[in-house]
>>> print(open('work.csv').read())   # CSV, C-alpha atoms
chain,number,residue,atom,x,y,z
X,12,ARG,CA,-15.7,16.0,2.2
X,13,ALA,CA,-16.4,13.4,-0.6
X,14,ILE,CA,-13.9,11.0,0.9
X,15,VAL,CA,-15.4,11.3,4.4
X,16,LYS,CA,-18.9,10.6,3.0
X,17,ILE,CA,-17.8,7.5,1.0
X,18,ILE,CA,-16.0,6.1,4.1
X,19,ARG,CA,-18.9,6.8,6.4
X,20,SER,CA,-21.4,5.1,4.1
X,21,GLY,CA,-19.1,2.1,3.5
X,22,GLY,CA,-19.0,3.0,-0.2
X,23,LYS,CA,-22.7,3.7,-0.8
X,24,THR,CA,-22.7,7.5,-1.0
X,25,MET,CA,-20.5,9.5,-3.4
X,26,GLU,CA,-20.1,13.0,-4.5
X,27,GLY,CA,-17.6,15.5,-6.1
X,28,ALA,CA,-15.1,13.2,-7.8
X,29,SER,CA,-13.7,16.0,-10.0
X,30,THR,CA,-11.0,17.1,-7.6
X,31,LEU,CA,-9.7,13.6,-7.3
X,32,THR,CA,-9.8,12.6,-11.0
X,33,GLN,CA,-6.6,14.3,-12.1
X,34,GLN,CA,-4.8,13.0,-9.0
X,35,PHE,CA,-5.8,9.5,-9.8
X,36,ILE,CA,-4.8,9.8,-13.4
X,37,LYS,CA,-1.4,11.3,-12.4
X,38,ASN,CA,-0.6,8.4,-10.1
X,39,THR,CA,-1.9,5.5,-12.2
X,40,GLU,CA,-1.6,6.4,-15.9
X,41,LEU,CA,1.3,8.8,-16.4
X,42,THR,CA,5.0,9.0,-15.9
X,43,PRO,CA,6.3,11.4,-13.1
X,44,GLU,CA,7.9,13.8,-15.6
X,45,ARG,CA,6.9,17.5,-15.2
X,46,THR,CA,6.2,18.9,-18.6
X,47,ILE,CA,3.5,20.8,-20.4
X,48,THR,CA,2.7,17.8,-22.5
X,49,ARG,CA,2.2,15.7,-19.5
X,50,LYS,CA,-0.2,18.2,-17.9
X,51,ILE,CA,-2.2,18.4,-21.1
X,52,ARG,CA,-2.5,14.6,-21.3
X,53,GLU,CA,-3.5,14.5,-17.6
X,54,ALA,CA,-6.3,17.0,-18.2
X,55,LEU,CA,-7.5,15.2,-21.3
X,56,LEU,CA,-7.5,11.8,-19.6
X,57,ALA,CA,-9.2,13.2,-16.6
X,58,TYR,CA,-11.9,14.6,-18.8
X,59,LYS,CA,-12.3,11.4,-20.7
X,60,MET,CA,-12.5,9.4,-17.4
X,61,GLU,CA,-15.3,11.6,-16.1
X,62,THR,CA,-17.3,11.0,-19.3
X,63,ILE,CA,-17.0,7.2,-19.0
X,64,LEU,CA,-17.1,6.6,-15.2
X,65,SER,CA,-19.5,7.9,-12.6
X,66,LYS,CA,-18.4,9.9,-9.6
X,67,GLU,CA,-19.0,6.8,-7.5
X,68,GLN,CA,-16.7,4.7,-9.7
X,69,ILE,CA,-13.9,7.3,-9.7
X,70,LEU,CA,-14.0,7.7,-5.9
X,71,GLU,CA,-14.0,4.0,-5.4
X,72,ARG,CA,-11.0,3.5,-7.6
X,73,TYR,CA,-9.1,6.4,-5.9
X,74,LEU,CA,-9.8,5.1,-2.4
X,75,ASN,CA,-8.9,1.5,-3.4
X,76,TYR,CA,-5.6,2.7,-5.0
X,77,ILE,CA,-3.9,5.1,-2.6
X,78,PHE,CA,-1.4,4.1,0.1
X,79,PHE,CA,-2.2,4.4,3.8
X,80,GLY,CA,1.1,3.4,5.2
X,81,HIS,CA,2.1,0.2,7.1
X,82,GLY,CA,1.8,-1.8,3.9
X,83,TYR,CA,-1.9,-1.0,3.5
X,84,TYR,CA,-3.2,-0.1,0.0
X,85,GLY,CA,-6.8,1.0,-0.2
X,86,VAL,CA,-9.1,2.5,2.5
X,87,LYS,CA,-10.9,-0.8,3.3
X,88,THR,CA,-7.6,-2.6,4.1
X,89,ALA,CA,-6.4,0.4,6.1
X,90,ALA,CA,-9.6,0.5,8.2
X,91,GLN,CA,-9.4,-3.2,8.9
X,92,GLY,CA,-5.6,-3.1,9.6
X,93,TYR,CA,-5.4,-0.1,11.9
X,94,PHE,CA,-8.8,-0.3,13.6
X,95,HIS,CA,-10.1,-3.9,13.0
X,96,LYS,CA,-13.3,-2.4,11.7
X,97,ASN,CA,-15.3,-2.3,8.4
X,98,LEU,CA,-15.7,1.1,6.8
X,99,ASN,CA,-19.3,1.7,8.0
X,100,GLU,CA,-18.2,0.9,11.6
X,101,LEU,CA,-15.5,3.7,11.8
X,102,SER,CA,-16.0,6.7,14.1
X,103,LEU,CA,-15.6,10.2,12.8
X,104,LYS,CA,-12.1,10.5,14.4
X,105,GLU,CA,-11.0,7.2,12.8
X,106,ILE,CA,-12.2,8.5,9.4
X,107,ALA,CA,-10.3,11.7,10.0
X,108,MET,CA,-7.1,9.8,10.7
X,109,LEU,CA,-7.4,7.9,7.5
X,110,VAL,CA,-8.3,11.0,5.5
X,111,GLY,CA,-5.2,12.7,6.8
X,112,MET,CA,-2.8,9.9,6.0
X,113,PRO,CA,-2.3,9.8,2.2
X,114,LYS,CA,-0.4,13.1,2.1
X,115,ALA,CA,2.5,11.6,4.2
X,116,PRO,CA,1.7,7.9,5.1
X,117,SER,CA,4.9,7.2,6.9
X,118,SER,CA,4.7,10.4,9.0
X,119,TYR,CA,1.1,9.9,10.0
X,120,ASP,CA,1.2,6.1,10.5
X,121,PRO,CA,-0.6,5.8,13.9
X,122,THR,CA,1.3,2.7,14.9
X,123,LYS,CA,4.6,4.7,14.8
X,124,HIS,CA,3.5,8.3,15.3
X,125,LEU,CA,0.2,8.3,17.1
X,126,ASP,CA,0.6,11.8,18.4
X,127,LEU,CA,1.2,13.2,14.9
X,128,SER,CA,-1.7,11.1,13.5
X,129,ILE,CA,-4.1,12.4,16.2
X,130,ALA,CA,-3.0,16.0,15.6
X,131,ARG,CA,-3.5,15.6,11.9
X,132,ALA,CA,-6.9,14.1,12.5
X,133,ASN,CA,-7.9,16.9,14.8
X,134,ASN,CA,-7.0,19.4,12.1
X,135,VAL,CA,-9.2,17.5,9.7
X,136,VAL,CA,-12.1,17.5,12.2
X,137,ALA,CA,-11.7,21.2,13.0
X,138,ARG,CA,-11.7,22.0,9.3
X,139,MET,CA,-14.9,20.0,8.8
X,140,TYR,CA,-16.6,21.8,11.7
X,141,THR,CA,-15.4,25.2,10.3
X,142,LEU,CA,-17.0,24.4,7.0
X,143,GLY,CA,-20.2,23.3,8.6
X,144,TRP,CA,-19.9,19.6,7.6
X,145,ILE,CA,-20.4,18.3,11.1
X,146,SER,CA,-22.3,19.5,14.2
X,147,LYS,CA,-20.8,20.9,17.4
X,148,ALA,CA,-21.7,17.7,19.2
X,149,GLU,CA,-19.9,15.6,16.5
X,150,TYR,CA,-16.9,17.9,16.7
X,151,ASP,CA,-16.6,17.7,20.5
X,152,GLU,CA,-17.0,13.9,20.5
X,153,ALA,CA,-14.3,13.5,17.8
X,154,MET,CA,-11.8,15.8,19.5
X,155,LYS,CA,-12.0,13.8,22.7
X,156,GLU,CA,-11.6,10.4,21.2
X,157,ILE,CA,-8.3,8.5,21.1
X,158,PRO,CA,-9.0,5.6,18.8
X,159,GLN,CA,-7.7,2.1,19.6
X,160,VAL,CA,-4.9,1.4,17.0
X,161,TYR,CA,-3.7,-2.1,16.2
X,162,ASP,CA,-0.1,-2.7,15.2
X,163,ASP,CA,-0.7,-5.7,13.1
X,164,THR,CA,2.2,-7.0,11.0
X,165,LEU,CA,1.3,-8.2,7.5
X,166,THR,CA,2.0,-11.8,6.9
X,167,GLN,CA,5.8,-12.3,6.6
X,168,ASN,CA,6.9,-13.0,3.0
X,169,ALA,CA,8.6,-16.3,3.0
X,170,ALA,CA,10.0,-15.8,-0.5
X,171,PRO,CA,10.5,-12.1,-1.2
X,172,TYR,CA,12.6,-12.6,-4.3
X,173,VAL,CA,9.8,-14.7,-5.8
X,174,VAL,CA,7.3,-12.0,-5.1
X,175,ASP,CA,9.7,-9.4,-6.6
X,176,GLU,CA,10.0,-11.4,-9.8
X,177,VAL,CA,6.2,-11.8,-10.1
X,178,ILE,CA,5.7,-8.1,-9.7
X,179,LYS,CA,8.4,-7.4,-12.2
X,180,GLN,CA,6.8,-9.7,-14.8
X,181,LEU,CA,3.2,-8.7,-14.2
X,182,SER,CA,3.4,-5.0,-13.5
X,183,PRO,CA,3.6,-3.8,-17.1
X,184,SER,CA,0.3,-5.4,-17.9
X,185,SER,CA,-1.4,-4.9,-14.5
X,186,LYS,CA,-0.8,-1.4,-13.1
X,187,ASP,CA,-3.1,-2.1,-10.2
X,188,LEU,CA,-1.2,-5.3,-9.2
X,189,LYS,CA,-1.0,-4.4,-5.5
X,190,THR,CA,-4.6,-3.0,-5.2
X,191,GLY,CA,-6.6,-5.1,-7.7
X,192,GLY,CA,-7.3,-8.0,-5.5
X,193,TYR,CA,-5.7,-10.5,-7.9
X,194,LYS,CA,-5.1,-14.1,-6.9
X,195,ILE,CA,-1.8,-15.4,-8.3
X,196,THR,CA,-0.9,-19.1,-8.2
X,197,LEU,CA,2.7,-20.1,-8.2
X,198,ASN,CA,4.5,-23.5,-8.4
X,199,ARG,CA,6.9,-22.6,-5.6
X,200,ASP,CA,7.4,-25.3,-3.0
X,201,LEU,CA,7.7,-23.8,0.5
X,202,ASP,CA,9.8,-26.7,1.8
X,203,VAL,CA,12.2,-26.4,-1.1
X,204,GLN,CA,12.3,-22.6,-0.8
X,205,GLU,CA,13.3,-22.9,2.9
X,206,MET,CA,16.0,-25.5,2.1
X,207,ALA,CA,17.4,-23.3,-0.7
X,208,GLN,CA,17.6,-20.3,1.6
X,209,ASN,CA,19.3,-22.3,4.4
X,210,ALA,CA,21.7,-23.9,1.9
X,211,LEU,CA,22.7,-20.5,0.5
X,212,LYS,CA,23.2,-19.0,4.0
X,213,PHE,CA,25.2,-22.1,5.1
X,214,GLY,CA,27.5,-21.8,2.1
X,215,TYR,CA,28.0,-18.0,2.7
X,216,ASP,CA,28.8,-18.6,6.4
X,217,GLU,CA,31.4,-21.3,5.5
X,218,ILE,CA,33.2,-19.0,3.1
X,219,VAL,CA,33.3,-16.3,5.8
X,220,LYS,CA,34.8,-18.7,8.3
X,221,ARG,CA,37.4,-19.9,5.9
X,222,ASP,CA,38.4,-16.6,4.4
X,223,LYS,CA,38.8,-14.0,7.1
X,224,ASP,CA,39.8,-11.4,4.5
X,225,ALA,CA,36.6,-11.9,2.4
X,226,ASN,CA,35.0,-8.7,1.2
X,227,LEU,CA,31.6,-9.0,2.8
X,228,SER,CA,30.3,-6.0,0.9
X,229,THR,CA,30.6,-7.9,-2.4
X,230,LEU,CA,30.2,-11.5,-1.2
X,231,ASN,CA,26.8,-12.8,-2.0
X,232,GLY,CA,25.1,-15.7,-3.8
X,233,ALA,CA,21.9,-16.8,-5.5
X,234,MET,CA,20.0,-20.0,-6.1
X,235,VAL,CA,17.2,-21.2,-8.4
X,236,VAL,CA,15.7,-24.7,-8.0
X,237,VAL,CA,13.8,-26.0,-11.1
X,238,ASN,CA,11.9,-29.2,-11.7
X,239,HIS,CA,13.7,-30.4,-14.8
X,240,GLN,CA,10.7,-32.4,-16.0
X,241,SER,CA,8.0,-29.6,-15.8
X,242,GLY,CA,10.2,-26.5,-15.8
X,243,ASP,CA,8.4,-25.3,-12.7
X,244,VAL,CA,10.5,-22.9,-10.5
X,245,LEU,CA,10.3,-24.4,-7.1
X,246,ALA,CA,12.5,-22.0,-5.3
X,247,LEU,CA,14.2,-18.7,-6.0
X,248,VAL,CA,16.8,-17.0,-3.7
X,249,GLY,CA,18.4,-13.8,-4.9
X,250,GLY,CA,20.8,-13.2,-2.1
X,251,VAL,CA,21.9,-14.1,1.4
X,252,ASP,CA,20.2,-11.1,3.0
X,253,TYR,CA,17.1,-9.7,1.3
X,254,GLU,CA,17.3,-6.3,2.9
X,255,LYS,CA,20.9,-5.8,1.7
X,256,SER,CA,20.5,-7.5,-1.7
X,257,ASN,CA,17.4,-5.6,-2.5
>>> encode(input="work.csv", output="structure tokens")
Amino acid sequence: RAIVKIIRSGGKTMEGASTLTQQFIKNTELTPERTITRKIREALLAYKMETILSKEQILERYLNYIFFGHGYYGVKTAAQGYFHKNLNELSLKEIAMLVGMPKAPSSYDPTKHLDLSIARANNVVARMYTLGWISKAEYDEAMKEIPQVYDDTLTQNAAPYVVDEVIKQLSPSSKDLKTGGYKITLNRDLDVQEMAQNALKFGYDEIVKRDKDANLSTLNGAMVVVNHQSGDVLALVGGVDYEKSN
């Protein structure tokens, strides 16, 4: 109920953060181990968080952190990505679709499994009606609606190995790296990056042509281009095929 209210208000109305605090702590501050010590730490940190932050701040952090599938982190990004709308423009059915997604983002991704996503949203709407949170008219309208879903593709990463290295180096000090809205400036040169990737692929293909017995499962390569005067890394390629190398 709290999540529905915050989404409907565009972030202006909050309530009942307690049920989410421990979940937020578990996902952001602790290791995944299942021990008594971890549960105690989780409870203590949740208690401390609720003495420092308001319910509004806790809910805002939770909704900005969780994954909604399709590469979308945070409810605002998910709303804009899936529905091309701001939070306060969403219909009840669209809100229900978002509310139902964090449990299994891949399974309920409406761009891939619209029927499952709609069914999940209908369950959310039905539960809200049963609990008296919405009127019969709101229930009927939501159950009829089939929201327009947009299958936008996030901007293709032109240098995935560079991004991986940045995440690797910054993650220990910035746990909210993917959701914190950071702007990271790099010295990478897009033209040099493209040339490096093409050169590596060309060399790989030439070896394959010359050696018909080459073991393709182990054949790979890497390339780093550095400005010897400044030390700037202009390009970084960690393999011929990112999907396989990664």
>>> closest_residue(input="work.csv", among="X:Val235, X:Ile51, X:Ile157, X:Leu70", to="Tyr172 in chain X", atoms="all atoms listed in the file")
X:Val235
>>> residues_around(input="work.csv", residues="range 136-139 of chain X", least_positions_apart="5", cutoff="7 Å", atoms="all atoms listed in the file", output="list of chain:residue names")
X:Ala107, X:Trp144, X:Ile145, X:Tyr150
>>> residues_near_point(input="work.csv", point="(1.3, -0.8, 5.1)", cutoff="10 Å", atoms="all atoms listed in the file", output="PyMOL selection string")
chain X and resi 78-85+88-89+92-93+116-117+120+163-165
>>> atom_distance(input="work.csv", atom1="CA of Pro121 in chain X", atom2="CA of Leu109 in chain X")
9.6 Å
>>> closest_residue(input="work.csv", among="X:Met154, X:Ile69, X:Ile36, X:Met206", to="Glu105 in chain X", atoms="only C-alpha atoms")
X:Met154
>>> atom_distance(input="work.csv", atom1="CA of Gln34 in chain X", atom2="CA of Tyr140 in chain X")
25.4 Å
>>> atom_distance(input="work.csv", atom1="CA of Tyr76 in chain X", atom2="CA of Ala153 in chain X")
26.7 Å
>>> closest_residue(input="work.csv", among="X:Ile77, X:Val177, X:Met112, X:Val203", to="Met234 in chain X", atoms="only C-alpha atoms")
X:Val203
>>> residues_around(input="work.csv", residues="Tyr253 in chain X", least_positions_apart="3", cutoff="12 Å", atoms="all atoms listed in the file", output="PDB file with C-alpha atoms, keeping the file's coordinate frame")
ATOM      1  CA  ASN X 168       6.900 -13.000   3.000  1.00  0.00           C
ATOM      2  CA  ALA X 169       8.600 -16.300   3.000  1.00  0.00           C
ATOM      3  CA  ALA X 170      10.000 -15.800  -0.500  1.00  0.00           C
ATOM      4  CA  PRO X 171      10.500 -12.100  -1.200  1.00  0.00           C
ATOM      5  CA  TYR X 172      12.600 -12.600  -4.300  1.00  0.00           C
ATOM      6  CA  VAL X 173       9.800 -14.700  -5.800  1.00  0.00           C
ATOM      7  CA  VAL X 174       7.300 -12.000  -5.100  1.00  0.00           C
ATOM      8  CA  ASP X 175       9.700  -9.400  -6.600  1.00  0.00           C
ATOM      9  CA  GLN X 208      17.600 -20.300   1.600  1.00  0.00           C
ATOM     10  CA  LYS X 212      23.200 -19.000   4.000  1.00  0.00           C
ATOM     11  CA  ASN X 231      26.800 -12.800  -2.000  1.00  0.00           C
ATOM     12  CA  GLY X 232      25.100 -15.700  -3.800  1.00  0.00           C
ATOM     13  CA  ALA X 233      21.900 -16.800  -5.500  1.00  0.00           C
ATOM     14  CA  LEU X 247      14.200 -18.700  -6.000  1.00  0.00           C
ATOM     15  CA  VAL X 248      16.800 -17.000  -3.700  1.00  0.00           C
ATOM     16  CA  GLY X 249      18.400 -13.800  -4.900  1.00  0.00           C
ATOM     17  CA  GLY X 250      20.800 -13.200  -2.100  1.00  0.00           C
ATOM     18  CA  SER X 256      20.500  -7.500  -1.700  1.00  0.00           C
ATOM     19  CA  ASN X 257      17.400  -5.600  -2.500  1.00  0.00           C
TER      20      ASN X 257
END
>>> closest_residue(input="work.csv", among="X:Val219, X:Lys194, X:Gly242, X:Tyr161", to="Lys96 in chain X", atoms="only C-alpha atoms")
X:Tyr161
>>> closest_residue(input="work.csv", among="X:Glu152, X:Glu71, X:Asp126, X:Asp200", to="Lys104 in chain X", atoms="only C-alpha atoms")
X:Glu152
>>> residues_around(input="work.csv", residues="Asp216 in chain X", least_positions_apart="4", cutoff="12 Å", atoms="all atoms listed in the file", output="PyMOL selection string")
chain X and resi 209-212+220-223+225+227+230-232+251-252
>>> residues_around(input="work.csv", residues="Arg199 in chain X", least_positions_apart="3", cutoff="8 Å", atoms="only C-alpha atoms", output="ChimeraX atom specification")
/X:203-204,243-246
